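Colleague: Next comes the structure file run_27.cif, holding mmCIF, C-alpha atoms.
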data_entry
loop_
_atom_site.label_atom_id
_atom_site.label_comp_id
_atom_site.auth_asym_id
_atom_site.auth_seq_id
_atom_site.Cartn_x
_atom_site.Cartn_y
_atom_site.Cartn_z
CA MET H 99 7.51 -10.29 -31.26
CA ASN H 100 5.41 -10.75 -34.39
CA ASN H 101 8.56 -10.54 -36.55
CA ILE H 102 10.22 -13.31 -34.52
CA LYS H 103 7.06 -15.43 -34.80
CA THR H 104 6.94 -14.86 -38.58
CA PHE H 105 10.65 -15.70 -38.89
CA PHE H 106 10.29 -19.01 -37.04
CA LYS H 107 7.12 -19.82 -38.98
CA SER H 108 9.07 -19.34 -42.23
CA LEU H 109 11.60 -21.96 -41.02
CA LEU H 110 8.94 -24.61 -40.27
CA PRO H 111 9.07 -26.25 -43.75
CA GLY H 112 12.87 -26.57 -43.35
CA ILE H 113 12.52 -27.99 -39.84
CA PHE H 114 9.93 -30.42 -41.21
CA LEU H 115 12.40 -31.64 -43.88
CA PHE H 116 15.16 -31.90 -41.29
CA GLY H 117 12.93 -33.99 -39.00
CA PHE H 118 12.01 -36.19 -41.96
CA THR H 119 15.65 -36.74 -42.93
CA VAL H 120 17.38 -37.14 -39.57
CA GLY H 121 15.55 -40.06 -38.01
CA THR H 122 16.85 -43.31 -36.59
CA GLY H 123 18.05 -44.17 -40.12
CA SER H 124 20.48 -41.26 -39.98
CA VAL H 125 21.44 -42.01 -36.39
CA THR H 126 22.11 -45.65 -37.35
CA ALA H 127 24.14 -44.77 -40.46
CA MET H 128 26.17 -41.98 -38.79
CA ALA H 129 26.77 -43.92 -35.55
CA LYS H 130 27.86 -47.02 -37.49
CA ALA H 131 30.22 -44.89 -39.63
CA GLY H 132 31.69 -43.25 -36.51
CA ALA H 133 32.10 -46.53 -34.62
CA ASP H 134 33.62 -48.45 -37.56
CA TYR H 135 35.69 -45.73 -39.26
CA GLY H 136 36.05 -42.82 -36.81
CA MET H 137 35.70 -39.40 -38.46
CA SER H 138 37.21 -40.57 -41.79
CA LEU H 139 33.79 -40.47 -43.54
CA LEU H 140 32.89 -36.92 -42.45
CA TRP H 141 33.43 -35.79 -46.06
CA THR H 142 30.43 -37.95 -47.02
CA ILE H 143 28.17 -35.99 -44.65
CA PHE H 144 29.48 -32.64 -45.94
CA ILE H 145 29.01 -33.52 -49.64
CA SER H 146 25.59 -35.08 -48.94
CA CYS H 147 24.36 -31.99 -47.06
CA ALA H 148 25.73 -29.63 -49.77
CA ILE H 149 23.92 -31.64 -52.47
CA THR H 150 20.77 -31.74 -50.31
CA TYR H 151 20.80 -27.94 -49.94
CA PHE H 152 21.30 -27.45 -53.68
CA LEU H 153 18.44 -29.82 -54.59
CA ILE H 154 16.05 -28.55 -51.88
CA GLN H 155 16.38 -24.96 -53.10
CA LEU H 156 16.31 -26.04 -56.78
CA PHE H 157 13.11 -28.09 -56.41
CA GLY H 158 11.58 -25.32 -54.28
CA LYS H 159 12.41 -22.65 -56.86
CA PHE H 160 10.94 -24.85 -59.61
CA THR H 161 7.57 -24.76 -57.80
CA LEU H 162 7.85 -20.99 -57.18
CA VAL H 163 8.38 -20.45 -60.93
CA THR H 164 5.88 -22.93 -62.40
CA GLY H 165 3.27 -23.28 -59.66
CA GLN H 166 3.57 -27.06 -60.17
CA THR H 167 4.94 -29.61 -57.74
CA ALA H 168 7.63 -32.05 -58.92
CA LEU H 169 5.24 -35.01 -59.11
CA GLN H 170 2.62 -33.03 -61.08
CA SER H 171 5.30 -31.87 -63.51
CA PHE H 172 6.77 -35.36 -63.98
CA LYS H 173 3.25 -36.57 -64.77
CA LYS H 174 2.42 -33.74 -67.22
CA ASN H 175 5.78 -33.08 -68.86
CA ILE H 176 7.40 -36.53 -68.92
CA HIS H 177 4.84 -39.34 -68.43
CA PRO H 178 2.31 -40.36 -65.75
CA ALA H 179 4.29 -43.62 -65.34
CA VAL H 180 7.26 -41.59 -64.05
CA GLY H 181 5.09 -40.08 -61.31
CA LEU H 182 3.80 -43.55 -60.39
CA PHE H 183 7.37 -44.89 -60.33
CA PHE H 184 8.34 -42.34 -57.68
CA ILE H 185 5.21 -43.06 -55.61
CA VAL H 186 5.98 -46.81 -55.62
CA ALA H 187 9.76 -46.39 -55.07
CA LEU H 188 9.40 -43.88 -52.23
CA THR H 189 6.63 -45.85 -50.53
CA THR H 190 8.79 -49.00 -50.68
CA GLN H 191 11.65 -47.12 -49.06
CA ILE H 192 9.36 -45.60 -46.43
CA CYS H 193 7.99 -49.05 -45.51
CA GLY H 194 11.53 -50.30 -44.92
CA SER H 195 12.23 -47.18 -42.90
CA VAL H 196 9.12 -47.63 -40.70
CA ILE H 197 10.12 -51.25 -39.95
CA GLY H 198 13.65 -50.19 -39.01
CA VAL H 199 12.68 -47.03 -37.09
CA MET H 200 10.24 -48.80 -34.78
CA GLY H 201 12.53 -51.79 -34.37
CA ILE H 202 15.41 -49.56 -33.26
CA LEU H 203 13.22 -47.35 -31.03
CA ALA H 204 11.67 -50.35 -29.30
CA ASP H 205 15.06 -52.08 -28.83
CA VAL H 206 16.74 -48.97 -27.43
CA CYS H 207 13.86 -48.20 -25.04
CA PHE H 208 13.83 -51.83 -23.88
CA GLU H 209 17.57 -51.73 -23.15
CA TRP H 210 17.28 -48.36 -21.37
CA SER H 211 14.26 -49.49 -19.30
CA LYS H 212 16.46 -52.16 -17.67
CA ASN H 213 18.00 -49.32 -15.63
CA PHE H 214 14.63 -48.70 -13.96
CA ILE H 215 12.76 -52.03 -14.08
CA GLU H 216 14.32 -55.44 -13.59
CA GLY H 217 14.31 -57.29 -16.93
CA GLY H 218 13.05 -54.15 -18.72
CA ILE H 219 9.78 -53.51 -20.57
CA ALA H 220 9.25 -55.71 -23.64
CA PRO H 221 10.06 -53.96 -26.98
CA LEU H 222 6.56 -54.73 -28.31
CA TYR H 223 4.94 -52.41 -25.72
CA PHE H 224 7.20 -49.53 -26.72
CA ALA H 225 6.50 -50.15 -30.44
CA VAL H 226 2.72 -50.14 -29.83
CA PHE H 227 2.99 -46.93 -27.76
CA PHE H 228 4.98 -44.98 -30.37
CA ILE H 229 2.87 -46.26 -33.28
CA ALA H 230 -0.34 -45.24 -31.46
CA PHE H 231 1.09 -41.81 -30.55
CA VAL H 232 2.08 -40.97 -34.15
CA TYR H 233 -1.17 -42.39 -35.58
CA ILE H 234 -3.32 -40.28 -33.23
CA ILE H 235 -1.48 -37.12 -34.41
CA PHE H 236 -2.07 -38.31 -38.01
CA LEU H 237 -5.82 -38.61 -37.34
CA ILE H 238 -5.94 -34.89 -36.51
CA GLY H 239 -5.14 -34.47 -40.20
CA LYS H 240 -3.53 -31.00 -40.20
CA THR H 241 -0.07 -30.26 -41.64
CA GLU H 242 0.33 -27.28 -39.23
CA VAL H 243 -0.11 -29.61 -36.25
CA PHE H 244 2.43 -32.02 -37.80
CA GLU H 245 4.92 -29.19 -38.27
CA LYS H 246 4.59 -27.88 -34.70
CA VAL H 247 4.85 -31.32 -33.04
CA LEU H 248 7.77 -32.14 -35.33
CA ALA H 249 9.55 -28.87 -34.46
CA PHE H 250 9.29 -29.77 -30.76
CA PHE H 251 10.88 -33.22 -31.27
CA VAL H 252 13.52 -31.80 -33.63
CA ALA H 253 14.56 -29.24 -30.98
CA ILE H 254 14.94 -32.01 -28.37
CA MET H 255 16.87 -34.22 -30.81
CA ALA H 256 19.28 -31.48 -31.93
CA LEU H 257 19.96 -30.38 -28.34
CA CYS H 258 20.62 -33.95 -27.11
CA PHE H 259 23.02 -34.86 -29.91
CA LEU H 260 24.91 -31.55 -29.62
CA ILE H 261 25.39 -32.04 -25.87
CA ASN H 262 26.65 -35.58 -26.54
CA PHE H 263 29.04 -34.21 -29.15
CA PHE H 264 30.76 -32.01 -26.56
CA ILE H 265 30.87 -34.84 -24.01
CA LEU H 266 32.37 -37.43 -26.40
CA MET H 267 34.01 -35.34 -29.10
CA PRO H 268 37.18 -36.78 -30.72
CA PRO H 269 40.32 -34.60 -31.24
CA ALA H 270 39.70 -31.60 -33.54
CA ILE H 271 42.48 -32.76 -35.90
CA GLU H 272 40.56 -36.02 -36.53
CA ILE H 273 37.45 -34.01 -37.44
CA LEU H 274 39.46 -31.91 -39.92
CA LYS H 275 41.09 -35.00 -41.46
CA GLY H 276 37.62 -36.44 -42.02
CA MET H 277 36.89 -33.67 -44.55
CA VAL H 278 39.46 -35.23 -46.96
CA PRO H 279 37.63 -37.76 -49.20
CA ASN H 280 38.79 -41.36 -48.81
CA VAL H 281 37.23 -44.84 -48.69
CA PRO H 282 38.46 -46.85 -45.68
CA ASP H 283 39.58 -50.46 -46.09
CA THR H 284 36.70 -52.93 -46.10
CA GLY H 285 37.25 -56.01 -43.93
CA PRO H 286 35.35 -59.31 -43.96
CA ASP H 287 32.83 -58.08 -41.38
CA LYS H 288 32.70 -54.46 -42.54
CA SER H 289 31.39 -52.88 -45.72
CA SER H 290 32.43 -49.23 -46.01
CA PHE H 291 30.62 -49.15 -49.39
CA LEU H 292 27.27 -49.99 -47.76
CA VAL H 293 27.88 -47.56 -44.88
CA ILE H 294 28.73 -44.70 -47.30
CA ALA H 295 25.71 -45.54 -49.48
CA SER H 296 23.41 -45.63 -46.45
CA MET H 297 24.77 -42.26 -45.23
CA VAL H 298 24.09 -40.74 -48.64
CA GLY H 299 20.71 -42.52 -48.93
CA THR H 300 19.47 -41.17 -45.60
CA THR H 301 20.63 -37.58 -46.33
CA ILE H 302 19.99 -37.17 -50.08
CA PHE H 303 16.54 -38.74 -49.98
CA SER H 304 14.52 -38.28 -53.20
CA GLY H 305 11.27 -38.06 -51.23
CA LEU H 306 12.67 -35.00 -49.49
CA PHE H 307 12.87 -32.98 -52.72
CA ILE H 308 9.49 -34.10 -54.01
CA LEU H 309 7.90 -33.34 -50.63
CA ARG H 310 9.67 -29.95 -50.63
CA THR H 311 7.69 -28.85 -53.68
CA ILE H 312 4.42 -29.93 -51.99
CA LEU H 313 5.27 -27.94 -48.83
CA VAL H 314 6.28 -24.86 -50.85
CA LYS H 315 2.99 -24.94 -52.77
CA GLU H 316 0.97 -25.53 -49.58
CA ALA H 317 2.75 -22.58 -47.90
CA GLY H 318 1.49 -20.38 -50.75
CA TRP H 319 4.97 -19.06 -51.55
CA THR H 320 5.63 -17.25 -54.83
CA LEU H 321 8.79 -15.94 -56.53
CA ALA H 322 8.60 -12.97 -54.15
CA ASP H 323 9.42 -15.48 -51.38
CA LEU H 324 12.57 -16.77 -53.10
CA LYS H 325 14.83 -15.37 -50.36
CA THR H 326 12.72 -17.01 -47.65
CA GLN H 327 12.76 -20.29 -49.58
CA ASN H 328 16.56 -20.25 -49.97
CA ARG H 329 17.13 -19.33 -46.31
CA ASP H 330 14.80 -22.11 -45.21
CA ALA H 331 16.66 -24.63 -47.44
CA LEU H 332 20.04 -23.52 -46.05
CA PHE H 333 18.81 -23.77 -42.46
CA SER H 334 17.54 -27.31 -43.07
CA ALA H 335 20.82 -28.49 -44.67
CA PHE H 336 22.94 -26.76 -41.99
CA LEU H 337 20.99 -28.52 -39.21
CA MET H 338 21.45 -31.84 -41.02
CA PHE H 339 25.22 -31.36 -41.17
CA ILE H 340 25.63 -30.27 -37.53
CA VAL H 341 23.45 -33.02 -36.05
CA SER H 342 24.79 -35.80 -38.34
CA THR H 343 28.38 -34.77 -37.50
CA SER H 344 27.53 -34.74 -33.77
CA ILE H 345 26.20 -38.32 -33.96
CA MET H 346 29.24 -39.57 -35.90
CA ALA H 347 31.64 -37.78 -33.52
CA ALA H 348 29.93 -39.25 -30.43
CA ALA H 349 30.42 -42.79 -31.80
CA ALA H 350 33.96 -42.02 -33.03
CA GLY H 351 35.01 -40.52 -29.69
CA SER H 352 33.68 -43.47 -27.69
CA LEU H 353 33.38 -46.73 -29.66
CA PHE H 354 35.99 -46.24 -32.41
CA VAL H 355 38.79 -45.34 -30.00
CA GLN H 356 38.03 -48.55 -28.10
CA GLY H 357 38.03 -50.60 -31.33
CA ILE H 358 34.36 -51.52 -30.86
CA SER H 359 32.30 -52.02 -34.04
CA LEU H 360 28.58 -51.22 -34.00
CA VAL H 361 26.40 -54.22 -34.83
CA ASN H 362 23.25 -53.11 -33.02
CA VAL H 363 22.24 -49.59 -31.97
CA THR H 364 21.32 -50.88 -28.50
CA GLN H 365 25.07 -51.36 -28.01
CA MET H 366 25.30 -47.57 -27.71
CA ILE H 367 23.23 -47.79 -24.51
CA TYR H 368 25.46 -50.12 -22.48
CA LEU H 369 28.78 -49.28 -24.21
CA LEU H 370 28.50 -45.53 -23.60
CA GLU H 371 27.89 -45.80 -19.85
CA PRO H 372 31.39 -46.91 -18.74
CA LEU H 373 32.96 -44.47 -21.24
CA ALA H 374 30.88 -41.36 -20.63
CA GLY H 375 28.51 -42.02 -17.73
CA SER H 376 24.77 -42.53 -17.35
CA ALA H 377 24.00 -38.87 -18.22
CA ALA H 378 25.47 -39.31 -21.74
CA VAL H 379 23.44 -42.52 -22.17
CA ALA H 380 20.21 -40.78 -21.10
CA ILE H 381 20.87 -37.82 -23.44
CA PHE H 382 21.68 -40.13 -26.37
CA THR H 383 18.55 -42.23 -25.75
CA ILE H 384 16.24 -39.21 -25.53
CA GLY H 385 17.80 -37.82 -28.74
CA LEU H 386 17.30 -41.14 -30.49
CA ILE H 387 13.65 -41.35 -29.40
CA ALA H 388 13.05 -37.78 -30.62
CA ALA H 389 14.75 -38.64 -33.95
CA GLY H 390 12.61 -41.75 -34.42
CA VAL H 391 9.32 -40.04 -33.59
CA SER H 392 10.14 -36.96 -35.72
CA SER H 393 10.82 -39.09 -38.81
CA GLN H 394 7.80 -41.32 -38.21
CA PHE H 395 5.32 -38.44 -38.64
CA PRO H 396 6.23 -37.74 -42.30
CA ASN H 397 6.77 -41.48 -42.94
CA VAL H 398 3.12 -42.35 -42.32
CA ALA H 399 1.83 -39.24 -44.13
CA LEU H 400 4.04 -39.41 -47.24
CA LEU H 401 1.91 -41.80 -49.35
CA PRO H 402 -1.36 -39.81 -48.81
CA TRP H 403 0.50 -36.57 -49.66
CA LEU H 404 1.96 -38.10 -52.82
CA LEU H 405 -1.40 -39.48 -53.96
CA ASP H 406 -3.20 -36.16 -53.43
CA ASP H 407 -0.36 -34.39 -55.23
CA PHE H 408 -0.40 -36.83 -58.16
CA HIS H 409 -4.18 -36.43 -58.58
CA GLU H 410 -3.84 -32.63 -58.09
CA ARG H 411 -6.22 -32.56 -55.15
CA LYS H 412 -6.04 -30.36 -52.07
CA PRO H 413 -4.14 -32.34 -49.40
CA ASN H 414 -6.63 -34.03 -47.08
CA LEU H 415 -5.23 -36.52 -44.58
CA LYS H 416 -8.73 -37.14 -43.21
CA ARG H 417 -9.81 -39.32 -46.15
CA PRO H 418 -10.91 -42.74 -44.76
CA SER H 419 -8.72 -44.59 -47.32
CA TYR H 420 -5.68 -42.59 -46.15
CA ARG H 421 -6.35 -43.44 -42.52
CA VAL H 422 -6.37 -47.12 -43.46
CA MET H 423 -3.10 -46.70 -45.46
CA ALA H 424 -1.44 -44.89 -42.55
CA LEU H 425 -2.56 -47.62 -40.14
CA VAL H 426 -1.17 -50.38 -42.39
CA ILE H 427 2.17 -48.55 -42.86
CA SER H 428 2.36 -47.80 -39.11
CA SER H 429 1.67 -51.45 -38.28
CA LEU H 430 4.82 -52.48 -40.18
CA GLY H 431 6.67 -51.12 -37.15
CA LEU H 432 5.58 -54.23 -35.23
CA ILE H 433 7.53 -56.61 -37.51
CA VAL H 434 10.90 -56.32 -35.72
CA PRO H 435 9.54 -56.65 -32.13
CA ILE H 436 7.27 -59.59 -33.07
CA PHE H 437 9.59 -61.54 -35.37
CA ASN H 438 12.93 -60.55 -33.80
CA ALA H 439 14.35 -59.25 -37.10
CA LYS H 440 17.60 -57.25 -37.11
CA PRO H 441 16.51 -53.58 -37.22
CA ILE H 442 19.96 -52.22 -38.11
CA ALA H 443 20.17 -54.48 -41.21
CA VAL H 444 16.67 -53.40 -42.33
CA MET H 445 17.52 -49.74 -41.69
CA VAL H 446 20.87 -49.65 -43.49
CA GLY H 447 19.45 -51.65 -46.43
CA SER H 448 16.46 -49.29 -46.66
CA GLN H 449 18.69 -46.18 -46.67
CA ALA H 450 21.04 -47.72 -49.25
CA PHE H 451 18.02 -48.39 -51.50
CA GLY H 452 17.46 -44.61 -51.51
CA ALA H 453 20.80 -44.14 -53.27
CA LEU H 454 19.45 -46.25 -56.14
CA VAL H 455 16.46 -43.89 -56.67
CA LEU H 456 18.56 -40.71 -56.63
CA PRO H 457 19.88 -40.85 -60.25
CA ALA H 458 16.30 -40.99 -61.59
CA THR H 459 15.36 -37.93 -59.48
CA VAL H 460 18.30 -35.90 -60.87
CA ILE H 461 17.51 -36.83 -64.50
CA CYS H 462 13.83 -35.86 -64.11
CA ILE H 463 14.45 -32.42 -62.53
CA ALA H 464 17.14 -31.70 -65.16
CA TYR H 465 14.70 -32.57 -67.96
CA ILE H 466 11.77 -30.44 -66.77
CA GLY H 467 14.03 -27.61 -65.55
CA ASN H 468 15.41 -27.17 -69.06
CA LYS H 469 12.01 -26.82 -70.75
CA LYS H 470 11.85 -23.21 -71.96
CA GLY H 471 8.06 -23.34 -72.31
CA LEU H 472 7.71 -24.34 -68.68
CA MET H 473 10.49 -22.34 -66.97
CA GLY H 474 10.70 -19.28 -69.24
CA GLU H 475 13.59 -17.00 -68.24
CA HIS H 476 14.24 -19.24 -65.21
CA LYS H 477 15.28 -22.18 -67.38
CA PHE H 478 18.28 -23.92 -65.78
CA SER H 479 21.59 -22.19 -66.52
CA THR H 480 24.77 -23.90 -67.76
CA ILE H 481 26.20 -23.79 -64.22
CA ILE H 482 23.11 -25.46 -62.72
CA ASN H 483 23.18 -28.14 -65.44
CA PHE H 484 26.89 -28.73 -64.79
CA ILE H 485 26.26 -29.15 -61.02
CA LEU H 486 23.34 -31.51 -61.77
CA ALA H 487 25.65 -33.55 -64.05
CA LEU H 488 28.20 -33.83 -61.20
CA ILE H 489 25.44 -34.86 -58.77
CA PHE H 490 24.23 -37.46 -61.29
CA VAL H 491 27.75 -38.96 -61.54
CA PHE H 492 28.00 -38.91 -57.73
CA ALA H 493 24.58 -40.61 -57.53
CA LEU H 494 25.72 -43.34 -59.96
CA VAL H 495 28.86 -43.98 -57.87
CA MET H 496 26.71 -44.19 -54.73
CA SER H 497 24.32 -46.59 -56.49
CA TYR H 498 27.27 -48.78 -57.43
CA MET H 499 28.53 -48.71 -53.82
CA SER H 500 25.02 -49.46 -52.58
CA PHE H 501 24.65 -52.44 -54.94
CA ASN H 502 28.09 -53.81 -53.95
CA GLY H 503 27.42 -53.30 -50.25
CA ILE H 504 23.98 -54.95 -50.33
CA LEU H 505 25.45 -57.88 -52.33
CA ALA H 506 28.33 -58.30 -49.82
CA THR H 507 25.87 -58.19 -46.91
CA LEU H 508 23.60 -60.82 -48.51
CA GLN H 509 26.58 -63.09 -49.21
CA SER H 510 27.69 -62.87 -45.56
CA LEU H 511 24.27 -63.95 -44.25
#
Would you mind writing the file out in structure tokens?
Modeller:
Amino acid sequence: MNNIKTFFKSLLPGIFLFGFTVGTGSVTAMAKAGADYGMSLLWTIFISCAITYFLIQLFGKFTLVTGQTALQSFKKNIHPAVGLFFIVALTTQICGSVIGVMGILADVCFEWSKNFIEGGIAPLYFAVFFIAFVYIIFLIGKTEVFEKVLAFFVAIMALCFLINFFILMPPAIEILKGMVPNVPDTGPDKSSFLVIASMVGTTIFSGLFILRTILVKEAGWTLADLKTQNRDALFSAFLMFIVSTSIMAAAAGSLFVQGISLVNVTQMIYLLEPLAGSAAVAIFTIGLIAAGVSSQFPNVALLPWLLDDFHERKPNLKRPSYRVMALVISSLGLIVPIFNAKPIAVMVGSQAFGALVLPATVICIAYIGNKKGLMGEHKFSTIINFILALIFVFALVMSYMSFNGILATLQSL
């Protein structure tokens, strides 16, 4: 029994990263890809998850070897301005994510509540409820509590989306065809470039790798725990692939076959019912709520973690200034319900912005990982450097797609 408990405890950092990555941003990006292009962009999920695994274990191993987190090393071995750049860039992305997450959660819950209450419950009430719930957990101020609550919501999310996959799954041959890289035609109302960039941005999130080093250091792992670290990284990436594929397949098997494009995530609520029944709608909605809440926990805590890490202090979420920061960031979730902004546009744009930060992350880890004085015998090998070079080229292509997609979207407004 103790061995099982220890095993699951060793997977908590990976579950935490999975919960951080697969939120409503992922659901939005994968569902939009499935609805607009079927399973033809499955290769994007596979490559993104493979790169995510490689970088999670690489950043984790860096901390096992040096005892330094990524942010601390960027500050000491490159320049403090580089560390500050990542804090500002990641916080900007997180703010966009918080706005989109709460907007989508509130919209979906409002639409679903119409099944039980005439006219539904206003989105603002749902936004206030979820913001308050996450903020109260934040006030407890313990990473272990965060991890356990997150694991609970991740389990619900994964189960819901997997069940939906089997209910709505497209033909197996379509899933296999999706593993062949291709870029679908972009029409006047569709931007496959922006969808691909947002899928990559939500999966290969730079904050994920920087946070990984913080979690590894906080767990007290050393080089003796390398096997545990690698297994945990693989588990996290595997979960990402399975759940992301399930979401895409559910949209492809229902909306794409009907020729219905996804403009708003709330469409999934009333479009799924005639195609798959009210049970599928309920399962999808519960999964989406779990995804939103699970990503919101790390969203509000990321800036305090980064600041403590940058200043090389013991993480302490109970600092009064951090509670104020978390409250301000959480309150951004009220923007969409109050001002009627389009959450899906905010969400996709926010995730695509992540693709722009990725090349800088790859360059920085390659630079510090090749310092003999820092890494010793664990200095990056030729193979690792070659893979990093390929990822850097991939990141540049994604940045180009992201820039083109955002530009096309702005021009169509």
Colleague: Which residue gives the smallest distance to H:Ile463 among H:Phe236, H:Ser195, H:Asn483, H:Ile302, with all atoms listed in the file counted?
Modeller: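 The closest residue to H:Ile463 is H:Asn483.
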Colleague: Could you list, as a list of chain:residue names, every residue matched by the PyMOL selection byres ((chain H and resi 174-176) around 10) in this structure?
Modeller: H:Gln166, H:Ala168, H:Leu169, H:Gln170, H:Ser171, H:Phe172, H:Lys173, H:His177, H:Pro178, H:Ala179, H:Val180, H:Gly181, H:Phe408, H:Cys462, H:Tyr465, H:Ile466, H:Lys469, H:Leu472
Colleague: With a distance cut-off of 9 Å and only C-alpha atoms, select the neighbouring residues of H:Val281, excluding the residue or stretch itself and same-chain residues fewer than 3 positions from it, and output the selection as a list in words.
Modeller: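 So the residues in contact are Ser138, Leu139, Thr284, Ser290, Phe291 and Ile294 of chain H.
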Colleague: Quick one: apply the PyMOL selection byres ((chain H and resi 255-272) around 9) to the file and drop the selected residues here as JSON, numbers by chain.
Modeller: {"H": [136, 137, 138, 250, 251, 252, 253, 254, 273, 274, 275, 276, 337, 340, 341, 342, 343, 344, 345, 346, 347, 348, 349, 350, 351, 352, 355, 373, 374, 378, 379, 381, 382, 383, 384, 385, 386, 387, 388, 389, 392]}
Colleague: Point out the residue among H:Gly217, H:Gly132, H:Pro279, H:Gly239 with the least atom-to-atom distance to H:Phe144, counting only C-alpha atoms.
Modeller: H:Pro279
Colleague: Expand the PyMOL selection byres ((chain H and resi 421-436) around 7) into the individual residues it matches in the shown file, reporting them as a short mmCIF file (atom, residue, chain, number, x, y, z; two decimals) with C-alpha atoms, in the coordinates of the input.
Modeller:
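Dumped to expr.cif:
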data_model
loop_
_atom_site.label_atom_id
_atom_site.label_comp_id
_atom_site.auth_asym_id
_atom_site.auth_seq_id
_atom_site.Cartn_x
_atom_site.Cartn_y
_atom_site.Cartn_z
CA CYS H 193 7.99 -49.05 -45.51
CA VAL H 196 9.12 -47.63 -40.70
CA ILE H 197 10.12 -51.25 -39.95
CA MET H 200 10.24 -48.80 -34.78
CA GLY H 201 12.53 -51.79 -34.37
CA PRO H 221 10.06 -53.96 -26.98
CA LEU H 222 6.56 -54.73 -28.31
CA ALA H 225 6.50 -50.15 -30.44
CA ILE H 229 2.87 -46.26 -33.28
CA VAL H 398 3.12 -42.35 -42.32
CA ALA H 399 1.83 -39.24 -44.13
CA LYS H 416 -8.73 -37.14 -43.21
CA ARG H 417 -9.81 -39.32 -46.15
CA PRO H 418 -10.91 -42.74 -44.76
CA SER H 419 -8.72 -44.59 -47.32
CA TYR H 420 -5.68 -42.59 -46.15
CA PHE H 437 9.59 -61.54 -35.37
CA ASN H 438 12.93 -60.55 -33.80
CA ALA H 439 14.35 -59.25 -37.10
CA LYS H 440 17.60 -57.25 -37.11
CA PRO H 441 16.51 -53.58 -37.22
#
Colleague: Pick the closest to H:Lys130 from H:Ala148, H:Val278, H:Leu292, H:Met473: which is it, counting only C-alpha atoms?
Modeller: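 Ranked by minimum distance to H:Lys130, first place goes to H:Leu292.
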Colleague: What does the structure give for the distance between atom CA of H:Leu237 and atom CA of H:Trp319, in Å to one decimal?
Modeller: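 So the two atoms, atom CA of H:Leu237 and atom CA of H:Trp319, lie 26.5 Å apart.
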Colleague: What gap, in Å, lies between atom CA of H:Thr364 and atom CA of H:Phe116?
Modeller: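 Computing it gives 23.7 Å between the two atoms.
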Colleague: Between atom CA of H:Ala317 and atom CA of H:Pro457, what is the distance in Å, rounded to a tenth?
Modeller: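 Computing the Euclidean distance for atom CA of H:Ala317 and atom CA of H:Pro457 yields 27.9 Å.
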Colleague: Taking 3 positions as the minimum chain separation for residues in the same chain, which residues sit within 8 Å of stretch 153-162 of chain H when counting all atoms listed in the file? Answer as a list in words.
Modeller: Ile149, Thr150, Gly165, Gln166, Thr167, Ala168, Leu306, Phe307, Ile308, Arg310, Thr311, Val314, Lys315, Trp319, Thr320, Leu321, Leu324, Gln327, Asn328, Ala331, Ile463, Gly467 and Met473 of chain H
